[in-house]
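Colleague: I have a structure I would like to understand better, so I am pasting it below and will then ask my questions one at a time.
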Amino acid sequence: MMKSVWSFWVLSVIGAASLSAQHLRPFCDASHFCNYSAMALDAVPLGLTDDITGLNLASNAIEQVSKMDLKFAVNLRTLLLHSNRIQAINDDAFRFLVKLEHLDLSKNNLIHLSPSWFRHLSSLRRLNIKGNKYSDLGGTPLFSDLQKLRFLYLGNDGYFSTLRKQDFEGISILEELEIEAQNLRRYEQGSLKPVEHIDHIVLNVHSPDTLIQITHDITNSVVCFELRNIQSLYNAYMSQFYSLGSAVVQKVILRNVVLSDYSVNEIAPVFSGLNQLHELEVVDSRFTGVGDFRELQGLHSAGALDVITIRNLTTKFYSISDFSSASHLLNKIVRLTLENSKVYMVPCELSKSFHSLEYLDFSVNLLGDLTILLSFCMNAFPKLRTLNISQNALSDLGAVAKSIVHLVNFTSLDVSRNNLVHMPKSCMWPQSLTFLNISGCKMNSLTTCIPQSLEVLDVSSNNLNDFRLSLPQLRELYITNNKLTTLPDAAFISSIQLIVVRENKLVDFSKEELGKFAQLEILDARTNSFSCSCPFLSFVQSPEGISKVLAGWPENYICDSPSTVKGKQVYVAQLSLTECHRILVVFLTCILMLVMLMVVAILCYKLHAIWYMKMTWAWLQAKRKPRRVLNKEICYDAFISYSEHDSEWVENVMVQELEQANPAFKLCLHKRDFMPGKWIVDNIIDSIEKSYKTLFVLSEHFVQSEWCKYELDFSHFRLFDENNDAAVLILLEPIPEQTIPKRFCKLRKLMNTKTYLEWPRDENQQQIFWFNLRTALKS
């Protein structure tokens with residue numbers, strides 16, 4: 001048993017090893033960027049060729065990179081090896097990657113870093129070695145050969161402890177530098193001096209002394225200074241900012257820091273002294289104070305600071321008493337963002353302090369219909385041009401309009417993602433308002449509360465079934481994700497240049513509809529349920545169609561119906577002739593059927609098809625009758641079949657001659673002996689069966705007679721089928737064979753095979769005729 005288990009384990013290991021070494025099939029896009037991420041690889045896959053430009057090996061279990069692994073991937077520009085278990089990299093592993101621009105080795109197990117890895121990477125612009133286990137950058141300059149390096153991310157949160165002077169040798173310009181060194185204990189003064197210009201530096205360093213040293217080195221080189229993960233900005237941290245007094249820094253970012261009344265009182269004077277500082281950003285942080293900034297009352301100005309951005313600030317905003325002690329520092333602020341910070345109101349007096357404010361973002365907060373009126377009191381934000389109050393607690397668009405109507409310079413309002421269930425029929429707006437975003441507000445309809453001065457309107461993600469607002473100056477309309485089945489009426493938006501009507505229930509649009517939009521430049525109608533009718537396909541596929549106007553054409557325009565083209569691109573969909581010209585096809589089909597019926601009718605008439613059918617039916621009826629028993633119920637010597645045109649000769653000559661003979665013959669005539677009320681065919685068949693003989697008086701009238709055609713000659717079937725000798729033929733006048741209709745085929749055959757009596761015109765021979773006839777009837 002144990003032997004079997006060990007055998008299975010060995011086979012599993014061998015199978016796993018062979019799997020990791022085999023030629024896997026990654027997902028490679030059109031630019032030859034291949035994705036091997038999260039495939040449980042323990043080695044770089046084999047078979048990498050020179051056509052690969054990007055390689056993602058992240059989130060695997062790779063432990064080393066050997067010399068031969070990437071030898072043939074000479075055109076690589078991006079190599080992602082983060083989130084593996086790499087412990088060792090051969091000195092020549094990247095030797096042939098001279099075109100490599102982006103290398104990510106973060107989140108691995110590298111303990112020692114070698115400059116040999118980067119010696120040949122002359123094109124490298126972005127390098128990430130964060131999250132490994134090294135404690136320093138090595139004894140020799142690590143980046144000296146990377147002359148094009150612009151983005152560098154280094155350090156870790158537990159091991160990195162030393163930065164030396166030679167560490168940044170060879171680097172003079174960086175767009176972004178991030179140093180993660182929470183346990184950095186040794187920083188050699190001047191280590192960052194070689195870097196003459198840094199657009200954005202991110203420091204995650206906890207030691208105040210080390211921060212001061214670093215800040216001193218970058219005083220004249222950093223444009224944007226970001227500090228992360230400081231739990232308390234006390235005096236030791238404040239002193240680092242004093243060294244920035246003469247710096248060129250223009251922006252300071254505090255991310256994940258804890259602020260208090262004290263730290264704000266301490267840091268504000270420092271920032272006011274930074275002559276180049278224009279922007280302050282506080283992100284993902286926490287404020288524990290109550291707004292007691294009385295110590296700032298002696299501060300005359302906030303310096304050059306004119307942009308303040310605060311996002312995701314955790315605070316008990318309702319416990320903040322007042323900011324009035326710092327209101328005199330707000331008069332130069334031009335842009336203010338206070339997003340997702342639980343703001344429910346701004347005191348009126350504080351609002352009046354923003355004399356220069358042009359842009360205000362209060363998105364994702366708690367402003368309501370009443371508090372917005374209080375916050376935007378008369379003379380508040382006098383120069384405001386743009387306001388974003390999206391995703392608050394607003395429900396009345398009329399209250400919003402009333403709060404900003406006094407703003408003479410106001411042009412842009414974003415009130416999206418509010419629950420605007422109430423929209424009055426009319427509203428008073430600033431006359432200068434040109435942009436309005438009311439998307440995602442659960443509106444079922446729009447009213448004339450919407451100002452006619454608008455040039456851009458966004459009503460996306462609502463429940464609108466149509467759009468019938470008169471907005472003569474509107475140039476751009478965004479109406480995505482609604483329930484429109486047709487395009488907006490051009491008569492209401494005569495100046496429109498851009499319509500975005502994606503994700504609606506739009507079925508189609510015609511040349512006539514679009515022709516009414518005289519100034520339309522772009523129509524974005526992607527992701528709709530298009531009914532690909534023939535007129536629609538003919539229009540959009542024509543050379544003079546609207547392919548130049550449609551955004552995302554043709555790949556994003558898909559047919560939803562009819563079923564024959566469902567799922568196909570509108571551009572290539574083709575319908576059959578019957579689908580395109582249904583009425584015409586039905587009309588032509590009806591005409592064809594009518595013609596066919598006429599042809600059939602003519603053929604039936606010419607070929608006597610009806611006669612044949614009637615004869616067949618009569619024959620079938622006759623077949624069903626029992627055959628007569630010889631000499632039983634015989635009532636007549638002969639049944640006479642003749643044409644009505646020959647009745648004078650039959651009745652006045654032949655009947656008189658035979659019935660007055662001695663002995664007399666008893667004859668059956670239809671005029672005299674047929675039973676009244678009985679079906680004529682039954683009369684004929686019964687009379688024939690009750691007669692010894694059947695006398696056929698043949699003439700041209702007989703073979704052309706309708707009576708013979710449709711009535712009398714039905715009896716022929718039974719007579720001929722029984723093969724008896726009961727038929728006696730009398731030829732009253734000569735009949736050319738070609739005049740006998742083809743339907744009398746058995747009669748023609750009978751005349752060709754059976755002797756018949758011919759009525760003589762010579763009176764001397766008539767006695768012989770009567771003698772022969774009597775003889776035939778007696779036989």
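FYI, nothing fancy with the structure tokens labels: chains A, B, ... in order, residues from 1 per chain, ligands from 1 as they appear.
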Taking 2 positions as the minimum chain separation for residues in the same chain, which residues sit within 8 Å of Asp466 (chain A) when counting only C-alpha atoms? Answer as a ChimeraX atom specification.
Modeller: /A:464,468,483-486,488
Colleague: Those same residues, written as a PDB file, in the first residue's frame with N, CA, C and O atoms?
Modeller:
ATOM      1  N   LEU A 464     -35.721  57.384 -18.714  1.00  0.00           N
ATOM      2  CA  LEU A 464     -36.392  58.196 -19.735  1.00  0.00           C
ATOM      3  C   LEU A 464     -36.804  57.342 -20.929  1.00  0.00           C
ATOM      4  O   LEU A 464     -36.024  56.545 -21.445  1.00  0.00           O
ATOM      5  N   ARG A 468     -37.926  65.239 -25.252  1.00  0.00           N
ATOM      6  CA  ARG A 468     -38.676  66.239 -26.006  1.00  0.00           C
ATOM      7  C   ARG A 468     -38.523  67.627 -25.394  1.00  0.00           C
ATOM      8  O   ARG A 468     -39.459  68.406 -25.378  1.00  0.00           O
ATOM      9  N   LYS A 483     -34.268  54.343 -21.791  1.00  0.00           N
ATOM     10  CA  LYS A 483     -35.199  53.418 -22.435  1.00  0.00           C
ATOM     11  C   LYS A 483     -35.700  53.969 -23.767  1.00  0.00           C
ATOM     12  O   LYS A 483     -36.818  53.664 -24.196  1.00  0.00           O
ATOM     13  N   LEU A 484     -34.898  54.764 -24.433  1.00  0.00           N
ATOM     14  CA  LEU A 484     -35.303  55.366 -25.695  1.00  0.00           C
ATOM     15  C   LEU A 484     -35.386  54.314 -26.791  1.00  0.00           C
ATOM     16  O   LEU A 484     -34.502  53.466 -26.932  1.00  0.00           O
ATOM     17  N   THR A 485     -36.444  54.369 -27.572  1.00  0.00           N
ATOM     18  CA  THR A 485     -36.602  53.484 -28.729  1.00  0.00           C
ATOM     19  C   THR A 485     -36.334  54.210 -30.038  1.00  0.00           C
ATOM     20  O   THR A 485     -36.172  53.565 -31.068  1.00  0.00           O
ATOM     21  N   THR A 486     -36.319  55.544 -29.989  1.00  0.00           N
ATOM     22  CA  THR A 486     -36.002  56.348 -31.175  1.00  0.00           C
ATOM     23  C   THR A 486     -35.037  57.456 -30.784  1.00  0.00           C
ATOM     24  O   THR A 486     -34.866  57.759 -29.602  1.00  0.00           O
ATOM     25  N   PRO A 488     -33.717  61.268 -30.240  1.00  0.00           N
ATOM     26  CA  PRO A 488     -34.415  62.498 -29.852  1.00  0.00           C
ATOM     27  C   PRO A 488     -34.859  63.285 -31.085  1.00  0.00           C
ATOM     28  O   PRO A 488     -34.243  63.194 -32.156  1.00  0.00           O
TER      29      PRO A 488
END
Colleague: Residues at most 12 Å from Asn772 (chain A), counting only C-alpha atoms, excluding those fewer than 2 positions away in the same chain, as a list in words?
Modeller: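 Result of the neighbour search: Leu658, Val728, Leu729, Ile730, Thr755, Tyr756, Leu757, Glu758, Trp759, Gln765, Gln766, Gln767, Ile768, Phe769, Trp770, Arg774, Thr775, Ala776, Leu777, Lys778 and Ser779 of chain A.
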Colleague: Output C-alpha atoms for every residue in that selection, as a PDB file, in the first residue's frame.
Modeller:
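Final file, selection-v8.pdb:
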ATOM      1  CA  LEU A 658     -88.650  -2.678 -82.726  1.00  0.00           C
ATOM      2  CA  VAL A 728     -74.663  -3.179 -79.917  1.00  0.00           C
ATOM      3  CA  LEU A 729     -73.337  -0.275 -81.953  1.00  0.00           C
ATOM      4  CA  ILE A 730     -75.435   1.545 -84.537  1.00  0.00           C
ATOM      5  CA  THR A 755     -68.732  -5.059 -85.920  1.00  0.00           C
ATOM      6  CA  TYR A 756     -71.326  -2.331 -85.856  1.00  0.00           C
ATOM      7  CA  LEU A 757     -74.531  -1.714 -87.828  1.00  0.00           C
ATOM      8  CA  GLU A 758     -74.575   1.247 -90.153  1.00  0.00           C
ATOM      9  CA  TRP A 759     -77.909   2.922 -90.967  1.00  0.00           C
ATOM     10  CA  GLN A 765     -81.326  -1.769 -97.733  1.00  0.00           C
ATOM     11  CA  GLN A 766     -83.141  -0.621 -94.563  1.00  0.00           C
ATOM     12  CA  GLN A 767     -85.046  -3.907 -94.261  1.00  0.00           C
ATOM     13  CA  ILE A 768     -81.758  -5.761 -94.099  1.00  0.00           C
ATOM     14  CA  PHE A 769     -80.622  -3.293 -91.386  1.00  0.00           C
ATOM     15  CA  TRP A 770     -83.730  -4.037 -89.265  1.00  0.00           C
ATOM     16  CA  ARG A 774     -83.291  -7.770 -84.440  1.00  0.00           C
ATOM     17  CA  THR A 775     -80.896 -10.669 -84.829  1.00  0.00           C
ATOM     18  CA  ALA A 776     -78.243  -8.818 -82.731  1.00  0.00           C
ATOM     19  CA  LEU A 777     -80.755  -8.105 -79.998  1.00  0.00           C
ATOM     20  CA  LYS A 778     -81.879 -11.700 -79.840  1.00  0.00           C
ATOM     21  CA  SER A 779     -78.351 -13.160 -79.722  1.00  0.00           C
TER      22      SER A 779
END
Colleague: Would you list, as an MDAnalysis selection string, the residues of region 281-408 of chain A that end up in strand (DSSP E or B) under DSSP run on this structure's backbone?
Modeller: chainID A and resid 281:283 286:287 307:311 314 335:339 359:361 386:388 396
Colleague: May I have the residues within 8 Å of region 534-539 of chain A as a PyMOL selection string, using only C-alpha atoms and disregarding those fewer than 6 positions away in the same chain?
Modeller: chain A and resi 508-511+545-546+570-571+573-575+579-580
Colleague: Restrict the selected residues to N, CA and C atoms and save them as a PDB file, in the first residue's frame.
Modeller:
ATOM      1  N   ASP A 508     -33.653  51.345 -34.597  1.00  0.00           N
ATOM      2  CA  ASP A 508     -32.985  51.760 -35.836  1.00  0.00           C
ATOM      3  C   ASP A 508     -33.079  53.271 -35.965  1.00  0.00           C
ATOM      4  N   PHE A 509     -32.537  53.782 -37.041  1.00  0.00           N
ATOM      5  CA  PHE A 509     -32.704  55.185 -37.390  1.00  0.00           C
ATOM      6  C   PHE A 509     -32.601  55.282 -38.907  1.00  0.00           C
ATOM      7  N   SER A 510     -33.264  56.261 -39.447  1.00  0.00           N
ATOM      8  CA  SER A 510     -33.361  56.364 -40.897  1.00  0.00           C
ATOM      9  C   SER A 510     -32.589  57.571 -41.417  1.00  0.00           C
ATOM     10  N   LYS A 511     -32.443  57.604 -42.703  1.00  0.00           N
ATOM     11  CA  LYS A 511     -31.773  58.728 -43.358  1.00  0.00           C
ATOM     12  C   LYS A 511     -32.555  60.009 -43.131  1.00  0.00           C
ATOM     13  N   GLY A 545     -23.845  56.455 -46.389  1.00  0.00           N
ATOM     14  CA  GLY A 545     -24.469  56.261 -45.083  1.00  0.00           C
ATOM     15  C   GLY A 545     -23.802  57.086 -44.005  1.00  0.00           C
ATOM     16  N   ILE A 546     -23.916  56.639 -42.769  1.00  0.00           N
ATOM     17  CA  ILE A 546     -23.471  57.456 -41.645  1.00  0.00           C
ATOM     18  C   ILE A 546     -22.279  56.843 -40.923  1.00  0.00           C
ATOM     19  N   VAL A 570     -23.947  44.917 -37.747  1.00  0.00           N
ATOM     20  CA  VAL A 570     -24.864  45.579 -38.675  1.00  0.00           C
ATOM     21  C   VAL A 570     -24.198  45.786 -40.031  1.00  0.00           C
ATOM     22  N   TYR A 571     -22.913  46.032 -40.005  1.00  0.00           N
ATOM     23  CA  TYR A 571     -22.182  46.350 -41.233  1.00  0.00           C
ATOM     24  C   TYR A 571     -22.166  45.195 -42.225  1.00  0.00           C
ATOM     25  N   ALA A 573     -24.381  42.346 -41.965  1.00  0.00           N
ATOM     26  CA  ALA A 573     -25.631  41.582 -41.973  1.00  0.00           C
ATOM     27  C   ALA A 573     -26.301  41.659 -43.343  1.00  0.00           C
ATOM     28  N   GLN A 574     -26.834  40.538 -43.808  1.00  0.00           N
ATOM     29  CA  GLN A 574     -27.523  40.481 -45.089  1.00  0.00           C
ATOM     30  C   GLN A 574     -28.835  39.732 -44.904  1.00  0.00           C
ATOM     31  N   LEU A 575     -29.909  40.294 -45.448  1.00  0.00           N
ATOM     32  CA  LEU A 575     -31.224  39.663 -45.379  1.00  0.00           C
ATOM     33  C   LEU A 575     -31.599  39.091 -46.738  1.00  0.00           C
ATOM     34  N   GLU A 579     -37.262  38.528 -47.005  1.00  0.00           N
ATOM     35  CA  GLU A 579     -37.322  39.368 -45.811  1.00  0.00           C
ATOM     36  C   GLU A 579     -37.334  40.841 -46.177  1.00  0.00           C
ATOM     37  N   CYS A 580     -36.666  41.197 -47.257  1.00  0.00           N
ATOM     38  CA  CYS A 580     -36.564  42.603 -47.647  1.00  0.00           C
ATOM     39  C   CYS A 580     -37.785  43.094 -48.409  1.00  0.00           C
TER      40      CYS A 580
END
Colleague: Using only C-alpha atoms, which protein or nucleic acid residues come within 7 Å of Glu175 (chain A)? Drop anything in the same chain fewer than 2 positions from it, and give the result as a list of chain:residue names.
Modeller: A:Arg150, A:Phe151, A:Ile173, A:Leu177, A:Ile198, A:Asp199, A:His200
Colleague: Counting only C-alpha atoms, which of A:Arg761, A:Met345, A:Thr589, A:Glu279 gets nearest to Ile333 (chain A)?
Modeller: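 Among the listed residues, A:Glu279 lies closest to Ile333 (chain A).
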Colleague: Restricting the calculation to only C-alpha atoms: of A:Leu105, A:Val364, A:Ile602, A:Cys427, which residue gets closest to Leu397 (chain A)?
Modeller: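 For Leu397 (chain A), the nearest of the given residues is A:Cys427.
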Colleague: Which of region 306-529 of chain A counts as alpha helix (DSSP H) under DSSP, as a PDB file with N, CA, C and O atoms, in the first residue's frame please?
Modeller:
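So result_15.pdb came out as:
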ATOM      1  N   CYS A 348     -22.719  79.678   6.408  1.00  0.00           N
ATOM      2  CA  CYS A 348     -22.856  80.777   5.451  1.00  0.00           C
ATOM      3  C   CYS A 348     -21.671  81.734   5.504  1.00  0.00           C
ATOM      4  O   CYS A 348     -21.126  82.124   4.465  1.00  0.00           O
ATOM      5  N   GLU A 349     -21.266  82.106   6.710  1.00  0.00           N
ATOM      6  CA  GLU A 349     -20.160  83.051   6.831  1.00  0.00           C
ATOM      7  C   GLU A 349     -18.871  82.482   6.277  1.00  0.00           C
ATOM      8  O   GLU A 349     -18.063  83.205   5.688  1.00  0.00           O
ATOM      9  N   LEU A 350     -18.687  81.164   6.447  1.00  0.00           N
ATOM     10  CA  LEU A 350     -17.489  80.530   5.889  1.00  0.00           C
ATOM     11  C   LEU A 350     -17.561  80.507   4.361  1.00  0.00           C
ATOM     12  O   LEU A 350     -16.561  80.727   3.677  1.00  0.00           O
ATOM     13  N   SER A 351     -18.756  80.263   3.818  1.00  0.00           N
ATOM     14  CA  SER A 351     -18.934  80.262   2.366  1.00  0.00           C
ATOM     15  C   SER A 351     -18.584  81.615   1.761  1.00  0.00           C
ATOM     16  O   SER A 351     -18.034  81.704   0.659  1.00  0.00           O
ATOM     17  N   ASP A 369     -31.516  69.113   0.607  1.00  0.00           N
ATOM     18  CA  ASP A 369     -32.206  70.238  -0.018  1.00  0.00           C
ATOM     19  C   ASP A 369     -32.152  71.494   0.849  1.00  0.00           C
ATOM     20  O   ASP A 369     -32.022  72.608   0.337  1.00  0.00           O
ATOM     21  N   LEU A 370     -32.248  71.356   2.151  1.00  0.00           N
ATOM     22  CA  LEU A 370     -32.227  72.510   3.053  1.00  0.00           C
ATOM     23  C   LEU A 370     -30.810  73.004   3.285  1.00  0.00           C
ATOM     24  O   LEU A 370     -30.545  74.206   3.209  1.00  0.00           O
ATOM     25  N   THR A 371     -29.886  72.073   3.535  1.00  0.00           N
ATOM     26  CA  THR A 371     -28.515  72.499   3.871  1.00  0.00           C
ATOM     27  C   THR A 371     -27.792  73.119   2.678  1.00  0.00           C
ATOM     28  O   THR A 371     -26.909  73.948   2.863  1.00  0.00           O
ATOM     29  N   ILE A 372     -28.170  72.739   1.463  1.00  0.00           N
ATOM     30  CA  ILE A 372     -27.523  73.375   0.319  1.00  0.00           C
ATOM     31  C   ILE A 372     -27.980  74.824   0.179  1.00  0.00           C
ATOM     32  O   ILE A 372     -27.213  75.705  -0.220  1.00  0.00           O
ATOM     33  N   LEU A 373     -29.234  75.092   0.552  1.00  0.00           N
ATOM     34  CA  LEU A 373     -29.707  76.479   0.545  1.00  0.00           C
ATOM     35  C   LEU A 373     -28.982  77.310   1.594  1.00  0.00           C
ATOM     36  O   LEU A 373     -28.636  78.481   1.347  1.00  0.00           O
ATOM     37  N   LEU A 374     -28.719  76.699   2.748  1.00  0.00           N
ATOM     38  CA  LEU A 374     -27.993  77.405   3.796  1.00  0.00           C
ATOM     39  C   LEU A 374     -26.526  77.588   3.437  1.00  0.00           C
ATOM     40  O   LEU A 374     -25.926  78.625   3.742  1.00  0.00           O
ATOM     41  N   SER A 375     -25.946  76.606   2.783  1.00  0.00           N
ATOM     42  CA  SER A 375     -24.524  76.678   2.430  1.00  0.00           C
ATOM     43  C   SER A 375     -24.271  77.693   1.330  1.00  0.00           C
ATOM     44  O   SER A 375     -23.230  78.349   1.304  1.00  0.00           O
ATOM     45  N   LEU A 397     -34.504  69.285  -7.544  1.00  0.00           N
ATOM     46  CA  LEU A 397     -33.656  70.059  -8.442  1.00  0.00           C
ATOM     47  C   LEU A 397     -33.973  71.542  -8.344  1.00  0.00           C
ATOM     48  O   LEU A 397     -33.103  72.394  -8.558  1.00  0.00           O
ATOM     49  N   GLY A 398     -35.198  71.853  -8.001  1.00  0.00           N
ATOM     50  CA  GLY A 398     -35.572  73.253  -7.839  1.00  0.00           C
ATOM     51  C   GLY A 398     -34.810  73.915  -6.703  1.00  0.00           C
ATOM     52  O   GLY A 398     -34.413  75.084  -6.799  1.00  0.00           O
ATOM     53  N   ALA A 399     -34.562  73.188  -5.607  1.00  0.00           N
ATOM     54  CA  ALA A 399     -33.795  73.727  -4.488  1.00  0.00           C
ATOM     55  C   ALA A 399     -32.348  73.986  -4.895  1.00  0.00           C
ATOM     56  O   ALA A 399     -31.738  74.983  -4.485  1.00  0.00           O
ATOM     57  N   VAL A 400     -31.808  73.094  -5.717  1.00  0.00           N
ATOM     58  CA  VAL A 400     -30.436  73.290  -6.210  1.00  0.00           C
ATOM     59  C   VAL A 400     -30.365  74.553  -7.067  1.00  0.00           C
ATOM     60  O   VAL A 400     -29.448  75.375  -6.923  1.00  0.00           O
ATOM     61  N   ALA A 401     -31.348  74.695  -7.961  1.00  0.00           N
ATOM     62  CA  ALA A 401     -31.359  75.879  -8.823  1.00  0.00           C
ATOM     63  C   ALA A 401     -31.469  77.156  -8.002  1.00  0.00           C
ATOM     64  O   ALA A 401     -30.777  78.151  -8.265  1.00  0.00           O
ATOM     65  N   LYS A 402     -32.321  77.137  -7.008  1.00  0.00           N
ATOM     66  CA  LYS A 402     -32.524  78.322  -6.159  1.00  0.00           C
ATOM     67  C   LYS A 402     -31.255  78.682  -5.398  1.00  0.00           C
ATOM     68  O   LYS A 402     -30.966  79.872  -5.188  1.00  0.00           O
ATOM     69  N   SER A 403     -30.461  77.672  -5.000  1.00  0.00           N
ATOM     70  CA  SER A 403     -29.274  77.941  -4.192  1.00  0.00           C
ATOM     71  C   SER A 403     -28.160  78.610  -4.988  1.00  0.00           C
ATOM     72  O   SER A 403     -27.319  79.314  -4.426  1.00  0.00           O
ATOM     73  N   ILE A 404     -28.125  78.410  -6.308  1.00  0.00           N
ATOM     74  CA  ILE A 404     -27.013  78.953  -7.106  1.00  0.00           C
ATOM     75  C   ILE A 404     -27.448  80.043  -8.077  1.00  0.00           C
ATOM     76  O   ILE A 404     -26.629  80.527  -8.857  1.00  0.00           O
ATOM     77  N   LYS A 511     -32.443  57.604 -42.703  1.00  0.00           N
ATOM     78  CA  LYS A 511     -31.773  58.728 -43.358  1.00  0.00           C
ATOM     79  C   LYS A 511     -32.555  60.009 -43.131  1.00  0.00           C
ATOM     80  O   LYS A 511     -31.970  61.082 -42.948  1.00  0.00           O
ATOM     81  N   GLU A 512     -33.869  59.887 -43.124  1.00  0.00           N
ATOM     82  CA  GLU A 512     -34.704  61.072 -42.916  1.00  0.00           C
ATOM     83  C   GLU A 512     -34.523  61.622 -41.503  1.00  0.00           C
ATOM     84  O   GLU A 512     -34.454  62.845 -41.314  1.00  0.00           O
ATOM     85  N   GLU A 513     -34.462  60.725 -40.498  1.00  0.00           N
ATOM     86  CA  GLU A 513     -34.269  61.169 -39.121  1.00  0.00           C
ATOM     87  C   GLU A 513     -32.963  61.914 -38.959  1.00  0.00           C
ATOM     88  O   GLU A 513     -32.919  63.009 -38.390  1.00  0.00           O
ATOM     89  N   LEU A 514     -31.887  61.321 -39.445  1.00  0.00           N
ATOM     90  CA  LEU A 514     -30.570  61.929 -39.265  1.00  0.00           C
ATOM     91  C   LEU A 514     -30.402  63.181 -40.119  1.00  0.00           C
ATOM     92  O   LEU A 514     -29.632  64.071 -39.778  1.00  0.00           O
ATOM     93  N   GLY A 515     -31.121  63.222 -41.226  1.00  0.00           N
ATOM     94  CA  GLY A 515     -31.026  64.395 -42.087  1.00  0.00           C
ATOM     95  C   GLY A 515     -31.524  65.660 -41.417  1.00  0.00           C
ATOM     96  O   GLY A 515     -31.158  66.773 -41.808  1.00  0.00           O
TER      97      GLY A 515
END
Colleague: Which residue out of A:Glu657, A:Glu339, A:Asp261, A:Asp157 has the minimum interatomic distance to Gly289 (chain A) when only C-alpha atoms are used?
Modeller: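 Among the listed residues, the smallest separation from Gly289 (chain A) belongs to A:Asp261.
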Colleague: Looking at A:Leu100, A:Val258, A:Ile522, A:Ala268, which one is nearest to Val283 (chain A), with distances taken over only C-alpha atoms?
Modeller: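 Checking each candidate against Val283 (chain A), we get A:Val258 as the closest.
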Colleague: What lies within 6 Å of Leu695 (chain A) using only C-alpha atoms, ignoring chain neighbours under 3 positions off, as a ChimeraX atom specification?
Modeller: /A:639-641,728
Colleague: Can you spit out the residues from that selection as a tab-separated table (two decimals), in the first residue's frame, using N, CA, C and O atoms?
Modeller:
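File written: selection.tsv
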chain	number	residue	atom	x	y	z
A	639	PHE	N	-81.27	-1.36	-73.60
A	639	PHE	CA	-81.23	0.03	-73.13
A	639	PHE	C	-80.62	0.85	-74.25
A	639	PHE	O	-79.57	0.48	-74.80
A	640	ILE	N	-81.27	1.93	-74.61
A	640	ILE	CA	-80.82	2.72	-75.76
A	640	ILE	C	-80.09	3.96	-75.25
A	640	ILE	O	-80.65	4.76	-74.50
A	641	SER	N	-78.86	4.13	-75.69
A	641	SER	CA	-78.04	5.31	-75.36
A	641	SER	C	-77.90	6.11	-76.64
A	641	SER	O	-77.34	5.63	-77.63
A	728	VAL	N	-74.33	-3.17	-78.49
A	728	VAL	CA	-74.66	-3.18	-79.92
A	728	VAL	C	-74.49	-1.77	-80.43
A	728	VAL	O	-75.10	-0.83	-79.89
Colleague: From the options A:Gly273, A:Pro451, A:Gly440, A:Pro115, which residue's atoms come nearest to Asn481 (chain A), counting only C-alpha atoms?
Modeller: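 Closest candidate: A:Gly440.
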Colleague: Please provide as a list in words all residues within 10 Å of Asp646 (chain A), with the sequence filter that same-chain residues fewer than 4 positions apart are discarded (counting only C-alpha atoms).
Modeller: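 In the requested format, the answer is Tyr642, Val650, Glu651, Val697, Leu698, Ser699, Glu700, His701, Phe702 and Leu732 of chain A.
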Colleague: Save out the residues we just selected, N, CA, C and O atoms, as a short mmCIF file (atom, residue, chain, number, x, y, z; two decimals), in the first residue's frame.
Modeller:
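Output contents, as saved in again_36.cif:
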data_model
loop_
_atom_site.label_atom_id
_atom_site.label_comp_id
_atom_site.auth_asym_id
_atom_site.auth_seq_id
_atom_site.Cartn_x
_atom_site.Cartn_y
_atom_site.Cartn_z
N TYR A 642 -78.38 7.37 -76.60
CA TYR A 642 -78.36 8.18 -77.82
C TYR A 642 -78.31 9.65 -77.46
O TYR A 642 -78.57 10.05 -76.32
N VAL A 650 -84.53 8.00 -83.28
CA VAL A 650 -84.59 6.89 -82.32
C VAL A 650 -86.04 6.62 -81.91
O VAL A 650 -86.49 5.46 -81.92
N GLU A 651 -86.75 7.70 -81.54
CA GLU A 651 -88.09 7.51 -80.98
C GLU A 651 -89.14 7.22 -82.04
O GLU A 651 -90.09 6.44 -81.81
N VAL A 697 -76.49 4.45 -80.19
CA VAL A 697 -76.78 5.09 -81.46
C VAL A 697 -75.72 6.16 -81.67
O VAL A 697 -75.76 7.24 -81.05
N LEU A 698 -74.74 5.86 -82.49
CA LEU A 698 -73.56 6.71 -82.63
C LEU A 698 -73.75 7.70 -83.76
O LEU A 698 -74.23 7.35 -84.85
N SER A 699 -73.35 8.91 -83.44
CA SER A 699 -73.36 9.97 -84.44
C SER A 699 -72.39 11.06 -83.97
O SER A 699 -71.83 10.99 -82.86
N GLU A 700 -72.20 12.05 -84.83
CA GLU A 700 -71.33 13.16 -84.39
C GLU A 700 -71.94 13.87 -83.20
O GLU A 700 -71.24 14.36 -82.32
N HIS A 701 -73.25 13.96 -83.15
CA HIS A 701 -73.90 14.57 -82.00
C HIS A 701 -73.66 13.74 -80.74
O HIS A 701 -73.50 14.28 -79.63
N PHE A 702 -73.63 12.42 -80.90
CA PHE A 702 -73.44 11.55 -79.75
C PHE A 702 -72.08 11.78 -79.08
O PHE A 702 -71.99 11.96 -77.87
N LEU A 732 -75.28 5.82 -86.96
CA LEU A 732 -76.36 6.52 -87.62
C LEU A 732 -75.85 7.34 -88.79
O LEU A 732 -76.56 7.55 -89.77
#
Colleague: Quick one, how far is CA of Ile496 (chain A) from CA of Cys559 (chain A)?
Modeller: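 Separation of CA of Ile496 (chain A) and CA of Cys559 (chain A): 26.6 Å.
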